[in-house]
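Inspection log for the structure reproduced underneath, given as structure tokens.
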Amino acid sequence: MELVAQYLGSEGARMVVGLIAVIALVSVNALFLIWMERKVAAHMQLRPGPMEVGPHGAVQTVADAIKLMGKELITPAEVDKPIFWLAPIVIFLPVLLSFLVIPFSSTWIIKDMNVGILLILAFSTLSVLSILMAGWSSNNKYAVFGAIRSVAQNIAYEIPLLVTTMSIILMVGSFKLSDIVTAQSGVWFVVVQPLAFILFIICATAETNRAPFDIPEAESELVAGFHTEYTGMRFALFFLAEYTNMFIAAAVATVLFLGGWHGPILPGVVWFLIKVYAVIFLLMWFRWTFPRTRFDQLVTFAWKILIPLAFVNLLITALVLKLR
Amino acid sequence: MIELLGIEEKTYTLNLGPQHPSTHGVLRVLLEMDGEFITKAEPVIGYGHRGHEHMAENRNYTQFLPNLGRVDYLHALAYNQCYCMAVEKLLELKVPERAEYIRVITCELNRISSHLLWFGAYLMDLGAFTPFLYCFDDREHLLDLLDGLTGSRLTYCFFRFGGVPVDIDAEFVAGCRAFVSRLRSRWDDYHNLVTKNVIFIHRTRDVGIITRDQCIKYGITGPNLRGSGIPYDIRKSEPYSAYPDFDFEIPIGANGDIYDRYIVRLAEMEQSCRIIEQACNKLPDGPIMAEKVPKRIKPPVGEVYQAVETARGSFGMYIVSQGDVKPYRIKLRTPSFANMSIFPEMAQDNLVADLVANLGSIDVVIPEIDR
């Protein structure tokens with residue numbers, strides 16, 4: 001026992017507590033976000049949304065989750081079984097691991113790695129792999145279609161995302177997320193780099209497959225895109241991963257641009273969460289206002305407009321920093 | 001590289017099956033695709049064939065009246081009107097003026113409800129879910145009006161040979177006026193959120209162009225025809241009912257792309273509002289049914305063709321009567337059947353993402369194609 005305790009050490013214990021907290025946060029967050037999405041959508045559409053189950057439909061998501069757990073897990077006959085089974089898991093794991101480096105407050109970070117932002121960006125790319133796995137293994141033309149489109153979209157929007165993040169990192173001089181937040185104690189980076197913020201939000205919307213860039217799951221074109229053949233809890237995992245991805249994207253936006261946990265009076269964590277949910281509200285607002293872009297227009301938009309703008313932003317940042 | 005491996009590129013077939021969120025009914029489209037481009041699109045119709053024309057031969061004239069509401073359920077009153085006018089022509093009945101005005105008011109209200117539904121459903125196909133709810137909110141007010149008068153919300157069977165069965169009262173007229181002013185206050189919302197939206201414009205400008213020659217060749221009518229620049233509207237070209245009494249315009253487009261058809265339909269809604277307003281103001285008093293309408297409708301031997309302008313285009317009925325209580329033959333010339341014929345040409349060599357946009361823009365109602 002002493003050996004185990006010695007081996008784990010306070011660092012290990014901190015990790016274990018942190019991971020349990022992350023899993024709890026992810027579940028509660030997903031529950032809350034799904035309810036929030038339905039309510040935001042409803043009120044923007046002149047209707048009340050879920051009202052029956054619990055006060056103002058608060059327990060609706062739990063009821064839906066229980067229902068989904070009770071559904072039969074149908075595995076179609078000709079699917080590529082190992083990949084079909086792995087895809088929902090692979091989409092979920094990187095998202096969970098990204099939580100390791102997010103600074104919820106000045107002390108609430110599980111592991112303040114010195115390559116923090118790089119870790120998050122790397123893991124967000126892994127979700128593309130899982131989408132491809134899901135689409136390919138489903139043995140369904142619609143699913144393959146959705147997967148191919150999703151891969152092209154994610155790759156195209158990855159680049160301006162990285163380049164805008166680079167401008168911020170150039171300003172701060174470190175990959176550590178806590179450093180980036182500390183550097184905003186005076187003025188938030190959204191004021192210093194508004195173009196980068198706009199580009200980042202657009203790319204974050206595309207990376208998380210949210211409307212107007214939700215072609216991979218375009219219900220009216222491809223039935224349900226890459227997760228057409230997934231039922232029950234597996235479908236729920238994709239859903240969960242999407243909402244958690246949204247949280248991560250909003251959290252990164254908050255850390256990079258909105259001053260992280262800085263704010264008067266209230267504790268840091270509360271400010272952080274307020275800002276994250278404000279960004280998520282913005283993403284939801286986009287979804288329920290705009291029509292979907294056509295796929296080739298989406299990709300053209302990324303390659304011909306966003307990437308040049310991102311590079312211009314980077315150049316200006318570098319110039320200003322050099323001249324200072 | 002692929003040639004070296006000996007793999008030949010070939011097209012693959014995708015079936016946009018009868019059950020699909022965006023085929024607006026039971027339409028099946030067989031697509032042959034080369035990557036994202038469509039090399040051939042073949043619509044397969046007939047999944048909704050119910051045998052209306054056969055039913056017409058086995059029912060008497062009055063019994064066939066409810067069928068018309070089901071042919072195109074979105075603009076049922078225009079179909080009712082066409083049938084009633086055709087039979088009135090055969091029977092040589094003169095419909096009183098008040099009844100004609102009531103017919104026009106209800107028909108135009110129905111046209112607005114059909115266009116509103118198209119607007120909402122089309123934007124839902126494009127991925128914007130919110131306008132659908134806004135349109136249905138507007139439609140609810142309209143449907144309440146028509147429900148109070150006719151008893152139905154969708155598949156109306158309101159007109160009778162010789163006039164209308166129920167008179168409208170001051171409450172209905174006030175409701176019409178209130179609805180028109182409410183709808184007019186909505187145009188700003190719709191234009192700001194949809195018409196001026198860059199994503200929408202990119203998806204609809206210069207997409208799905210129907211040229212004037214194609215229109216004439218395929219017999220396309222309705223907003224599709226007017227979107228391509230041909231100002232043909234039966235209400236103006238071959239006026240019927242009380243339409244000559246009203247002052248309204250025929251909106252036309254310039255290029256024949258989806259955007260033009262969209263603008264034409266929105267403008268038509270505004271013109272319908274104008275007609276309703278004028279009709280409410282000029283509503284004459286008088287009887288609502290013609291005198292001496294026979295109890296048993298037994299038109300003399302003869303044939304008649306009557307066409308009306310519906311929300312989808314020109315609907316025509318050709319009735320052959322052999323002096324019996326049942327028609328010998330009724331032929332329904334439905335606008336969606338002709339409008340659908342342009343679809344394979346529109347889809348060819350275009351992206352599959354445009355397929356849904358194109359199909360929605362020609363505003364077909366599948367039961368009308370299959371009858």
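Chains: A, B, ... in order of the structure tokens. Residues: from 1 per chain. Ligands: from 1, in order shown.
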
Exercise for review: Counting only C-alpha atoms, collect the residues of chain B whose closest atom lies at most 10 Å from chain A, and write them out as a ChimeraX atom specification.
Suggested key: /B:12-16,19-23,35-36,123-134,137,193-194,197-200,202-203,351-357

Exercise for review: With a distance cut-off of 10 Å and only C-alpha atoms, select the neighbouring residues of region 105-114 of chain A, excluding the residue or stretch itself and same-chain residues fewer than 3 positions from it, and output the selection as a ChimeraX atom specification.
Suggested key: /A:11,14-19,21-22,99-102,117-119,174-179,181-182,260-262,267-273

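Taking only C-alpha atoms into account, Met289 (chain B) lies nearest to B:Val166 out of the set B:Ile234, B:Leu142, B:Ile201, B:Val166.
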
Practice item. Could you tell me how far CA of Asp64 (chain A) lies from CA of Val26 (chain A), in Å and to one decimal? Key: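 For CA of Asp64 (chain A) relative to CA of Val26 (chain A), the distance reads 16.6 Å.
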
Exercise for review: Enumerate the residues of region 169-350 of chain B with a DSSP assignment of alpha helix (DSSP H), computed from the backbone, and present them as JSON, numbers by chain.
Suggested key: {"B": [170, 171, 172, 173, 174, 175, 176, 177, 178, 179, 180, 181, 182, 183, 184, 185, 186, 187, 188, 189, 190, 198, 199, 200, 201, 202, 203, 204, 212, 213, 214, 215, 216, 217, 218, 223, 224, 225, 226, 227, 234, 235, 236, 237, 258, 259, 260, 261, 262, 263, 264, 265, 266, 267, 268, 269, 270, 271, 272, 273, 274, 275, 276, 277, 278, 279, 280, 281, 282, 335, 336, 337, 338, 339, 340, 343, 344, 345, 346, 347]}

Same residues, C-alpha atoms, saved as a PDB file, in the first residue's frame:
ATOM      1  CA  ALA B 170     -68.019  40.991 -40.658  1.00  0.00           C
ATOM      2  CA  GLU B 171     -65.854  39.028 -38.248  1.00  0.00           C
ATOM      3  CA  PHE B 172     -64.268  37.108 -41.090  1.00  0.00           C
ATOM      4  CA  VAL B 173     -63.605  40.291 -43.043  1.00  0.00           C
ATOM      5  CA  ALA B 174     -62.045  41.912 -39.989  1.00  0.00           C
ATOM      6  CA  GLY B 175     -59.952  38.794 -39.484  1.00  0.00           C
ATOM      7  CA  CYS B 176     -58.751  38.962 -43.087  1.00  0.00           C
ATOM      8  CA  ARG B 177     -57.716  42.565 -42.689  1.00  0.00           C
ATOM      9  CA  ALA B 178     -55.929  41.819 -39.425  1.00  0.00           C
ATOM     10  CA  PHE B 179     -54.118  38.900 -41.016  1.00  0.00           C
ATOM     11  CA  VAL B 180     -53.013  40.957 -44.007  1.00  0.00           C
ATOM     12  CA  SER B 181     -51.582  43.686 -41.800  1.00  0.00           C
ATOM     13  CA  ARG B 182     -49.867  41.110 -39.594  1.00  0.00           C
ATOM     14  CA  LEU B 183     -48.303  39.374 -42.567  1.00  0.00           C
ATOM     15  CA  ARG B 184     -47.106  42.660 -44.004  1.00  0.00           C
ATOM     16  CA  SER B 185     -45.293  43.413 -40.761  1.00  0.00           C
ATOM     17  CA  ARG B 186     -43.427  40.137 -41.218  1.00  0.00           C
ATOM     18  CA  TRP B 187     -41.819  40.957 -44.562  1.00  0.00           C
ATOM     19  CA  ASP B 188     -39.028  42.912 -42.883  1.00  0.00           C
ATOM     20  CA  ASP B 189     -38.124  39.938 -40.724  1.00  0.00           C
ATOM     21  CA  TYR B 190     -38.103  37.549 -43.644  1.00  0.00           C
ATOM     22  CA  VAL B 198     -25.094  35.823 -47.672  1.00  0.00           C
ATOM     23  CA  ILE B 199     -25.184  32.070 -47.233  1.00  0.00           C
ATOM     24  CA  PHE B 200     -28.676  31.917 -48.698  1.00  0.00           C
ATOM     25  CA  ILE B 201     -27.730  34.125 -51.623  1.00  0.00           C
ATOM     26  CA  HIS B 202     -24.696  32.008 -52.397  1.00  0.00           C
ATOM     27  CA  ARG B 203     -26.784  28.885 -52.410  1.00  0.00           C
ATOM     28  CA  THR B 204     -29.535  30.242 -54.602  1.00  0.00           C
ATOM     29  CA  ARG B 212     -37.124  30.555 -71.084  1.00  0.00           C
ATOM     30  CA  ASP B 213     -36.785  27.995 -73.860  1.00  0.00           C
ATOM     31  CA  GLN B 214     -36.777  25.174 -71.358  1.00  0.00           C
ATOM     32  CA  CYS B 215     -39.879  26.581 -69.728  1.00  0.00           C
ATOM     33  CA  ILE B 216     -41.790  26.629 -72.958  1.00  0.00           C
ATOM     34  CA  LYS B 217     -40.469  23.258 -74.079  1.00  0.00           C
ATOM     35  CA  TYR B 218     -41.393  21.462 -70.844  1.00  0.00           C
ATOM     36  CA  PRO B 223     -43.742  30.861 -60.224  1.00  0.00           C
ATOM     37  CA  ASN B 224     -41.145  28.715 -61.988  1.00  0.00           C
ATOM     38  CA  LEU B 225     -42.184  30.198 -65.316  1.00  0.00           C
ATOM     39  CA  ARG B 226     -42.430  33.696 -63.960  1.00  0.00           C
ATOM     40  CA  GLY B 227     -39.044  33.379 -62.301  1.00  0.00           C
ATOM     41  CA  ILE B 234     -53.863  32.742 -65.981  1.00  0.00           C
ATOM     42  CA  ARG B 235     -55.496  35.222 -63.645  1.00  0.00           C
ATOM     43  CA  LYS B 236     -54.336  37.977 -66.021  1.00  0.00           C
ATOM     44  CA  SER B 237     -54.076  36.175 -69.367  1.00  0.00           C
ATOM     45  CA  ILE B 258     -33.614  29.712 -57.507  1.00  0.00           C
ATOM     46  CA  TYR B 259     -33.290  33.191 -56.035  1.00  0.00           C
ATOM     47  CA  ASP B 260     -35.637  34.600 -58.653  1.00  0.00           C
ATOM     48  CA  ARG B 261     -38.243  31.936 -58.011  1.00  0.00           C
ATOM     49  CA  TYR B 262     -37.972  32.653 -54.301  1.00  0.00           C
ATOM     50  CA  ILE B 263     -38.447  36.390 -54.837  1.00  0.00           C
ATOM     51  CA  VAL B 264     -41.387  35.755 -57.166  1.00  0.00           C
ATOM     52  CA  ARG B 265     -43.158  33.642 -54.561  1.00  0.00           C
ATOM     53  CA  LEU B 266     -42.632  36.185 -51.819  1.00  0.00           C
ATOM     54  CA  ALA B 267     -43.862  38.969 -54.099  1.00  0.00           C
ATOM     55  CA  GLU B 268     -46.892  36.858 -55.027  1.00  0.00           C
ATOM     56  CA  MET B 269     -47.818  36.655 -51.369  1.00  0.00           C
ATOM     57  CA  GLU B 270     -47.791  40.439 -51.198  1.00  0.00           C
ATOM     58  CA  GLN B 271     -49.954  40.641 -54.333  1.00  0.00           C
ATOM     59  CA  SER B 272     -52.397  38.170 -52.803  1.00  0.00           C
ATOM     60  CA  CYS B 273     -52.573  40.429 -49.763  1.00  0.00           C
ATOM     61  CA  ARG B 274     -53.486  43.286 -52.087  1.00  0.00           C
ATOM     62  CA  ILE B 275     -56.243  41.263 -53.752  1.00  0.00           C
ATOM     63  CA  ILE B 276     -57.683  40.237 -50.387  1.00  0.00           C
ATOM     64  CA  GLU B 277     -57.645  43.817 -49.198  1.00  0.00           C
ATOM     65  CA  GLN B 278     -59.407  45.082 -52.291  1.00  0.00           C
ATOM     66  CA  ALA B 279     -61.935  42.275 -52.176  1.00  0.00           C
ATOM     67  CA  CYS B 280     -62.722  42.958 -48.526  1.00  0.00           C
ATOM     68  CA  ASN B 281     -63.245  46.619 -49.337  1.00  0.00           C
ATOM     69  CA  LYS B 282     -65.427  46.071 -52.387  1.00  0.00           C
ATOM     70  CA  PRO B 335     -48.774  21.720 -62.699  1.00  0.00           C
ATOM     71  CA  SER B 336     -46.324  19.665 -60.639  1.00  0.00           C
ATOM     72  CA  PHE B 337     -46.251  16.912 -63.258  1.00  0.00           C
ATOM     73  CA  ALA B 338     -44.931  19.303 -65.882  1.00  0.00           C
ATOM     74  CA  ASN B 339     -42.723  21.202 -63.459  1.00  0.00           C
ATOM     75  CA  MET B 340     -41.084  17.990 -62.318  1.00  0.00           C
ATOM     76  CA  PHE B 343     -35.746  18.231 -62.715  1.00  0.00           C
ATOM     77  CA  PRO B 344     -33.429  15.700 -64.427  1.00  0.00           C
ATOM     78  CA  GLU B 345     -32.016  18.427 -66.635  1.00  0.00           C
ATOM     79  CA  MET B 346     -31.583  20.740 -63.666  1.00  0.00           C
ATOM     80  CA  ALA B 347     -29.788  18.118 -61.644  1.00  0.00           C
TER      81      ALA B 347
END

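Our summary of the geometry notes that CA of Ala143 (chain A) is positioned 22.4 Å from CA of Pro43 (chain B).
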
Review point. Which value, in Å to one decimal, gives the distance between CA of Phe301 (chain A) and CA of Trp285 (chain A)?
Key: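 Going from CA of Phe301 (chain A) over to CA of Trp285 (chain A), I get 20.6 Å.
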